[in-house]
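Novice: Input entry_0.cif, format and content: mmCIF, C-alpha atoms.
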```cif
data_coords
#
loop_
_atom_site.label_atom_id
_atom_site.label_comp_id
_atom_site.auth_asym_id
_atom_site.auth_seq_id
_atom_site.Cartn_x
_atom_site.Cartn_y
_atom_site.Cartn_z
CA MET A 1 -2.82 18.21 -22.21
CA LYS A 2 -3.77 17.78 -18.59
CA VAL A 3 -3.01 14.99 -16.15
CA LYS A 4 -3.70 14.62 -12.46
CA VAL A 5 -0.67 14.07 -10.23
CA ILE A 6 -1.15 12.45 -6.82
CA LEU A 7 1.58 12.31 -4.20
CA PHE A 8 1.95 10.23 -1.06
CA ALA A 9 3.85 10.00 2.18
CA TYR A 10 7.46 11.25 2.03
CA ILE A 11 7.05 12.67 -1.48
CA ARG A 12 3.79 14.44 -0.65
CA GLU A 13 5.28 16.09 2.43
CA ASN A 14 8.42 17.23 0.64
CA ILE A 15 6.83 18.48 -2.55
CA GLY A 16 3.96 19.99 -0.66
CA PHE A 17 0.72 18.91 -2.31
CA LYS A 18 -1.52 15.89 -2.34
CA GLU A 19 -3.24 16.20 -5.67
CA ARG A 20 -2.89 18.63 -8.56
CA GLU A 21 -3.89 18.95 -12.19
CA ILE A 22 -0.95 19.94 -14.35
CA GLU A 23 -0.37 20.78 -18.00
CA ILE A 24 2.21 18.66 -19.84
CA LYS A 25 3.12 18.16 -23.47
CA GLU A 26 1.74 15.27 -25.52
CA ALA A 27 3.39 11.87 -25.10
CA THR A 28 5.40 12.84 -22.03
CA LYS A 29 6.74 9.71 -20.36
CA VAL A 30 5.96 9.17 -16.70
CA GLY A 31 9.69 9.01 -15.90
CA GLU A 32 10.25 12.37 -17.59
CA LEU A 33 7.49 13.92 -15.54
CA TRP A 34 9.05 12.53 -12.37
CA ASN A 35 12.38 14.14 -13.30
CA GLU A 36 10.68 17.51 -13.07
CA PHE A 37 9.38 16.75 -9.58
CA LYS A 38 12.27 14.93 -8.01
CA ASN A 39 14.47 18.02 -7.89
CA GLN A 40 12.10 19.34 -5.28
CA LEU A 41 13.10 16.58 -2.87
CA PRO A 42 16.00 17.01 -0.44
CA ARG A 43 19.31 16.54 -2.27
CA LYS A 44 20.84 13.60 -0.53
CA ASN A 45 18.03 11.18 -1.12
CA ASN A 46 18.16 8.31 -3.55
CA LEU A 47 14.58 7.27 -3.14
CA ARG A 48 13.47 4.28 -5.20
CA VAL A 49 10.24 5.56 -6.71
CA LEU A 50 7.68 3.47 -8.59
CA PHE A 51 5.13 4.86 -11.01
CA ALA A 52 1.42 4.22 -11.24
CA VAL A 53 -0.90 5.41 -13.99
CA ASN A 54 -4.63 5.05 -13.41
CA GLU A 55 -4.01 2.91 -10.32
CA LYS A 56 -1.68 0.41 -12.03
CA TYR A 57 2.08 0.08 -11.78
CA VAL A 58 3.83 1.01 -15.03
CA ASN A 59 7.46 1.44 -16.02
CA GLU A 60 9.18 4.79 -16.55
CA ASP A 61 8.64 4.69 -20.34
CA GLU A 62 4.86 4.72 -20.11
CA GLU A 63 3.51 7.58 -22.21
CA LEU A 64 0.90 9.71 -20.52
CA LYS A 65 -2.47 10.52 -22.04
CA GLU A 66 -4.95 13.31 -21.46
CA GLY A 67 -6.76 12.84 -18.15
CA ASP A 68 -4.42 10.20 -16.73
CA GLU A 69 -4.02 9.91 -12.99
CA VAL A 70 -0.30 9.71 -12.23
CA ALA A 71 1.05 8.65 -8.85
CA PHE A 72 4.65 8.65 -7.70
CA ILE A 73 4.98 5.81 -5.23
CA PRO A 74 7.74 6.01 -2.61
CA PRO A 75 8.89 2.74 -0.98
CA VAL A 76 5.85 1.15 0.61
CA SER A 77 5.64 0.07 4.23
CA GLY A 78 2.18 -1.34 4.85
CA GLY A 79 1.38 -4.23 7.14
CA MET B 1 -17.29 -13.39 -1.80
CA SER B 2 -13.84 -12.14 -1.10
CA TYR B 3 -13.57 -8.83 0.68
CA PHE B 4 -11.01 -6.02 0.54
CA LYS B 5 -11.03 -2.76 2.40
CA VAL B 6 -8.97 0.17 3.63
CA THR B 7 -10.49 1.80 6.68
CA ILE B 8 -9.88 4.56 9.17
CA LYS B 9 -11.90 2.66 11.79
CA ALA B 10 -10.69 -0.05 14.16
CA ILE B 11 -10.77 -3.44 12.43
CA ASN B 12 -13.24 -5.97 13.75
CA ILE B 13 -11.52 -9.36 13.41
CA ASP B 14 -14.77 -11.34 13.47
CA SER B 15 -16.20 -9.42 10.56
CA VAL B 16 -13.12 -10.13 8.43
CA VAL B 17 -13.17 -13.83 9.32
CA ASN B 18 -16.91 -14.16 8.76
CA ARG B 19 -16.40 -13.01 5.16
CA VAL B 20 -14.31 -16.08 4.34
CA LEU B 21 -15.98 -18.86 6.34
CA ASN B 22 -17.56 -21.33 3.93
CA ILE B 23 -18.62 -24.97 3.95
CA ASP B 24 -16.06 -26.05 1.33
CA SER B 25 -13.16 -24.90 3.49
CA GLY B 26 -11.84 -26.86 6.43
CA ALA B 27 -9.19 -24.30 7.32
CA VAL B 28 -9.11 -20.57 7.87
CA VAL B 29 -5.78 -18.91 8.61
CA ILE B 30 -5.92 -15.41 10.07
CA PHE B 31 -2.95 -13.06 10.05
CA ILE B 32 -3.15 -10.04 12.34
CA GLY B 33 -0.57 -7.28 12.12
CA THR B 34 -0.25 -5.02 15.16
CA VAL B 35 1.74 -1.94 16.12
CA ARG B 36 4.86 -2.98 18.00
CA LYS B 37 6.17 -0.94 20.92
CA SER B 38 9.75 -0.79 19.69
CA SER B 39 11.17 -0.38 16.23
CA HIS B 40 14.74 0.21 15.05
CA GLY B 41 15.80 0.14 18.70
CA ARG B 42 13.59 3.01 19.76
CA GLU B 43 10.27 3.38 21.45
CA VAL B 44 7.29 3.99 19.19
CA LEU B 45 4.72 6.56 20.31
CA TYR B 46 2.27 5.91 17.48
CA LEU B 47 2.14 5.16 13.75
CA GLU B 48 0.42 7.17 11.07
CA TYR B 49 -0.71 5.10 8.05
CA GLU B 50 -1.56 6.47 4.64
CA ALA B 51 -2.81 4.63 1.54
CA TYR B 52 -3.46 5.13 -2.14
CA GLU B 53 -6.79 3.65 -1.35
CA ASN B 54 -8.27 2.70 -4.72
CA MET B 55 -5.02 1.24 -5.95
CA ALA B 56 -4.40 -0.60 -2.67
CA ILE B 57 -7.73 -2.35 -3.05
CA LYS B 58 -6.88 -3.32 -6.63
CA GLU B 59 -3.56 -4.71 -5.41
CA PHE B 60 -5.31 -6.66 -2.63
CA ARG B 61 -7.58 -8.17 -5.26
CA LYS B 62 -4.57 -9.12 -7.39
CA LEU B 63 -2.84 -10.78 -4.45
CA ALA B 64 -5.95 -12.80 -3.72
CA ALA B 65 -6.16 -13.87 -7.37
CA GLU B 66 -2.48 -14.87 -7.32
CA THR B 67 -3.00 -17.10 -4.28
CA LYS B 68 -5.97 -18.73 -6.00
CA SER B 69 -3.81 -19.55 -9.00
CA LYS B 70 -1.04 -21.03 -6.84
CA TRP B 71 -3.01 -22.94 -4.21
CA ASN B 72 -6.46 -24.26 -3.55
CA VAL B 73 -7.82 -21.14 -1.89
CA LYS B 74 -11.57 -20.53 -1.69
CA LYS B 75 -11.84 -17.07 -0.15
CA VAL B 76 -9.61 -14.22 0.87
CA SER B 77 -10.33 -11.13 2.90
CA ILE B 78 -7.86 -8.28 3.49
CA VAL B 79 -8.60 -5.23 5.61
CA HIS B 80 -5.94 -2.60 6.30
CA ARG B 81 -6.31 0.30 8.66
CA ILE B 82 -5.04 3.83 7.99
CA GLY B 83 -4.76 6.97 10.11
CA ARG B 84 -3.17 7.20 13.53
CA LEU B 85 -2.65 3.91 15.36
CA LYS B 86 -1.51 3.47 18.93
CA VAL B 87 0.93 0.80 20.07
CA GLY B 88 -0.85 -2.53 20.30
CA GLU B 89 -3.60 -1.64 17.82
CA ILE B 90 -4.37 -3.79 14.79
CA SER B 91 -3.10 -2.47 11.46
CA VAL B 92 -4.05 -5.32 9.15
CA VAL B 93 -6.15 -8.50 9.17
CA ILE B 94 -5.87 -11.13 6.44
CA ALA B 95 -8.13 -14.17 6.42
CA VAL B 96 -7.68 -17.05 3.99
CA ALA B 97 -10.05 -19.99 3.66
CA SER B 98 -8.99 -23.22 2.01
CA PRO B 99 -10.15 -26.83 1.98
CA HIS B 100 -6.92 -27.83 3.77
CA ARG B 101 -4.64 -25.98 6.17
CA ASP B 102 -1.41 -26.28 4.20
CA ASP B 103 -2.73 -24.13 1.37
CA ALA B 104 -4.27 -21.63 3.77
CA TYR B 105 -0.99 -21.15 5.65
CA LYS B 106 1.01 -20.74 2.44
CA ALA B 107 -1.45 -18.28 0.94
CA SER B 108 -1.61 -16.24 4.13
CA ARG B 109 2.17 -15.92 4.23
CA TYR B 110 2.31 -15.03 0.55
CA ILE B 111 -0.24 -12.24 0.95
CA ILE B 112 1.40 -10.50 3.90
CA GLU B 113 4.87 -10.68 2.31
CA LYS B 114 3.64 -9.29 -1.02
CA LEU B 115 1.48 -6.70 0.68
CA LYS B 116 4.58 -5.30 2.37
CA GLN B 117 6.45 -5.17 -0.95
CA LYS B 118 3.83 -3.97 -3.39
CA VAL B 119 0.70 -2.43 -1.97
CA PRO B 120 0.74 1.38 -1.87
CA ILE B 121 0.41 1.90 1.88
CA TRP B 122 2.89 3.81 4.01
CA LYS B 123 3.58 4.24 7.69
CA LYS B 124 5.18 7.08 9.50
CA GLU B 125 6.68 6.35 12.84
CA ALA B 126 6.44 8.80 15.73
CA TRP B 127 9.09 8.42 18.44
CA ASP B 128 10.45 10.89 20.97
CA GLY B 129 13.02 12.14 18.45
CA GLY B 130 10.45 13.06 15.81
CA LEU B 131 8.59 11.57 12.87
CA GLU B 132 9.94 9.37 10.11
CA TRP B 133 8.46 7.64 7.06
CA ILE B 134 9.39 3.98 7.16
CA GLN B 135 10.77 2.65 3.88
CA GLY B 136 10.16 -1.03 3.44
CA THR B 137 9.60 -3.45 6.30
#
```
Just give me the structure as structure tokens.
Specialist:
Amino acid sequence: MKVKVILFAYIRENIGFKEREIEIKEATKVGELWNEFKNQLPRKNNLRVLFAVNEKYVNEDEELKEGDEVAFIPPVSGG
Amino acid sequence: MSYFKVTIKAINIDSVVNRVLNIDSGAVVIFIGTVRKSSHGREVLYLEYEAYENMAIKEFRKLAAETKSKWNVKKVSIVHRIGRLKVGEISVVIAVASPHRDDAYKASRYIIEKLKQKVPIWKKEAWDGGLEWIQGT
């Protein structure tokens, strides 16, 4: 099944895309998907990443569904 | 109505405040966040803001709802700027209207603190040594 992955800020720059549709297997958890991406970040970092599915924060055990929009949220710094 | 926006354009303070003025409120507290000249002991050249825009607006709406459940708050407006901002420019304006000032002050403080912790907006700092994403503020 397909999901849309959106990246921001530090993660976007290091992984190298803003938005991409990817193929994953049924019932993949958002944390499992992140494990496949996080290796692409520089080694030393211990970034505290949050997960959002369809514009809402979820925990790492959230199972993804066809068509979901998944965002990996690095530490925020608005204001 | 309450009003929430992420914009690439300079924020007009009056327009944010006008959204919350109402005859049931005797107090409006305005918080304005601006780009400071120095940060982490170094001189800032400019900041580059980025947002997960749709989600940021949903989070703004949630923060406003939370303040309404905690205090007597009538209206809330939150506008955050993104893109490149020079030192001294306005990055965020929050206006809160309440019948009495105590609630308005508390709600205003609550919103800016939570915004910095939860809302998916990021800033990258440019200084003469390079560029760096700021993590938490």
Novice: Go through B:Tyr110, B:Tyr105, B:Trp133, B:Tyr49 and flag the residue nearest His80 in chain B, using all atoms listed in the file for the distances.
Specialist: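 So, comparing all the options, the nearest one is B:Tyr49.
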Novice: Taking all atoms listed in the file into account, report as a ChimeraX atom specification which residues of chain B lie within 6 Å of chain A.
Specialist: /B:55,92,116,120-123,135-137
Novice: Using C-alpha atoms, can you export the residues from the last selection as a short mmCIF file (atom, residue, chain, number, x, y, z; two decimals), keeping the file's coordinate frame?
Specialist:
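What ended up in selection_21.cif:
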```cif
data_model
loop_
_atom_site.label_atom_id
_atom_site.label_comp_id
_atom_site.auth_asym_id
_atom_site.auth_seq_id
_atom_site.Cartn_x
_atom_site.Cartn_y
_atom_site.Cartn_z
CA MET B 55 -5.02 1.24 -5.95
CA VAL B 92 -4.05 -5.32 9.15
CA LYS B 116 4.58 -5.30 2.37
CA PRO B 120 0.74 1.38 -1.87
CA ILE B 121 0.41 1.90 1.88
CA TRP B 122 2.89 3.81 4.01
CA LYS B 123 3.58 4.24 7.69
CA GLN B 135 10.77 2.65 3.88
CA GLY B 136 10.16 -1.03 3.44
CA THR B 137 9.60 -3.45 6.30
#
```
Novice: Determine, counting only C-alpha atoms, which protein, DNA and RNA residues have an atom within 7 Å of an atom of range 19-32 of chain B; residues of the same chain fewer than 2 positions away are not included. Present the result as a list in words.
Specialist: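 My list of contacting residues is Ser2, Tyr3, Ser15, Val16, Val17, Thr34, Lys74, Lys75, Val76, Ser77, Ile90, Val92, Val93, Ile94, Ala95, Val96, Ala97, Ser98, Pro99, His100, Arg101, Ala104, Tyr105 and Ser108 of chain B.
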Novice: So how far away is CA of Asp128 in chain B from CA of Val87 in chain B, in Å?
Specialist: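 Pair CA of Val87 in chain B / CA of Asp128 in chain B returns 13.9 Å.
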Novice: List the neighbours of Trp34 in chain A out to 9 Å using all atoms listed in the file; skip same-chain residues closer than 4 positions along the sequence, and give me the result as a compact mmCIF listing (two decimals) with C-alpha atoms, in the frame of the given file.
Specialist:
```txt
# COMPACT_ATOMS: atom_id res chain seq x y z
CA LYS A 29 6.74 9.71 -20.36
CA VAL A 30 5.96 9.17 -16.70
CA LYS A 38 12.27 14.93 -8.01
CA ASN A 39 14.47 18.02 -7.89
CA PHE A 51 5.13 4.86 -11.01
CA GLU A 60 9.18 4.79 -16.55
CA PHE A 72 4.65 8.65 -7.70
```
Novice: Counting all atoms listed in the file, which residue out of A:Met1, A:Ile24, A:Leu33, A:Ile15 sits closest to Glu62 in chain A?
Specialist: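 Nearest candidate to Glu62 in chain A out of A:Met1, A:Ile24, A:Leu33, A:Ile15: A:Leu33.
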Novice: Tell me which residues the PyMOL selection byres ((chain A and resi 66) around 6) grabs here, as a VMD selection string.
Specialist: chain A and resid 1 to 3 65 67 to 68
Novice: Keeping only C-alpha atoms, write the selected residues as a PDB file, keeping the file's coordinate frame.
Specialist:
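Listing of part34.pdb after writing:
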```pdb
ATOM      1  CA  MET A   1      -2.820  18.210 -22.210  1.00  0.00           C
ATOM      2  CA  LYS A   2      -3.770  17.780 -18.590  1.00  0.00           C
ATOM      3  CA  VAL A   3      -3.010  14.990 -16.150  1.00  0.00           C
ATOM      4  CA  LYS A  65      -2.470  10.520 -22.040  1.00  0.00           C
ATOM      5  CA  GLY A  67      -6.760  12.840 -18.150  1.00  0.00           C
ATOM      6  CA  ASP A  68      -4.420  10.200 -16.730  1.00  0.00           C
TER       7      ASP A  68
END
```
Novice: List as a count of residues only the protein and nucleic acid residues near Lys4 in chain A, meaning an atom at most 6 Å away when only C-alpha atoms are counted, but skip any in the same chain fewer than 6 places from it.
Specialist: 4
Novice: By how many Å are CA of Gly33 in chain B and CA of Gln117 in chain B apart?
Specialist: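 Distance between the two atoms: 15.0 Å.
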Novice: I would like the residues chosen by the PyMOL selection byres ((chain B and resi 64-66) around 9) on the shown file; could you give them as a list in words?
Specialist: Ser2, Glu59, Phe60, Arg61, Lys62, Leu63, Thr67, Lys68, Ser69, Lys70, Trp71, Val73, Lys75, Val76, Ser77, Ile78, Val96, Ala107 and Ile111 of chain B
Novice: Quick one: everything within 9 Å of Ala126 in chain B, counting all atoms listed in the file, minus sequence neighbours fewer than 5 positions away in the same chain. Send it as a list in words.
Specialist: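 Final neighbour list, sorted by chain and number: Glu43, Val44, Leu45, Tyr46, Leu47, Glu48, Leu131, Glu132 and Trp133 of chain B.
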Novice: Hey, which of B:His40, B:Arg109, B:Arg81, B:Lys114 ends up closest to Val6 in chain B? Count all atoms listed in the file.
Specialist: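 Looking at the shortest contact to Val6 in chain B, the residue is B:Arg81.
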Novice: Which residue is closest to Val49 in chain A? Choose from B:Lys118, B:Trp127, B:Ile82, B:Asn12 and count all atoms listed in the file.
Specialist: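 Nearest candidate to Val49 in chain A out of B:Lys118, B:Trp127, B:Ile82, B:Asn12: B:Lys118.
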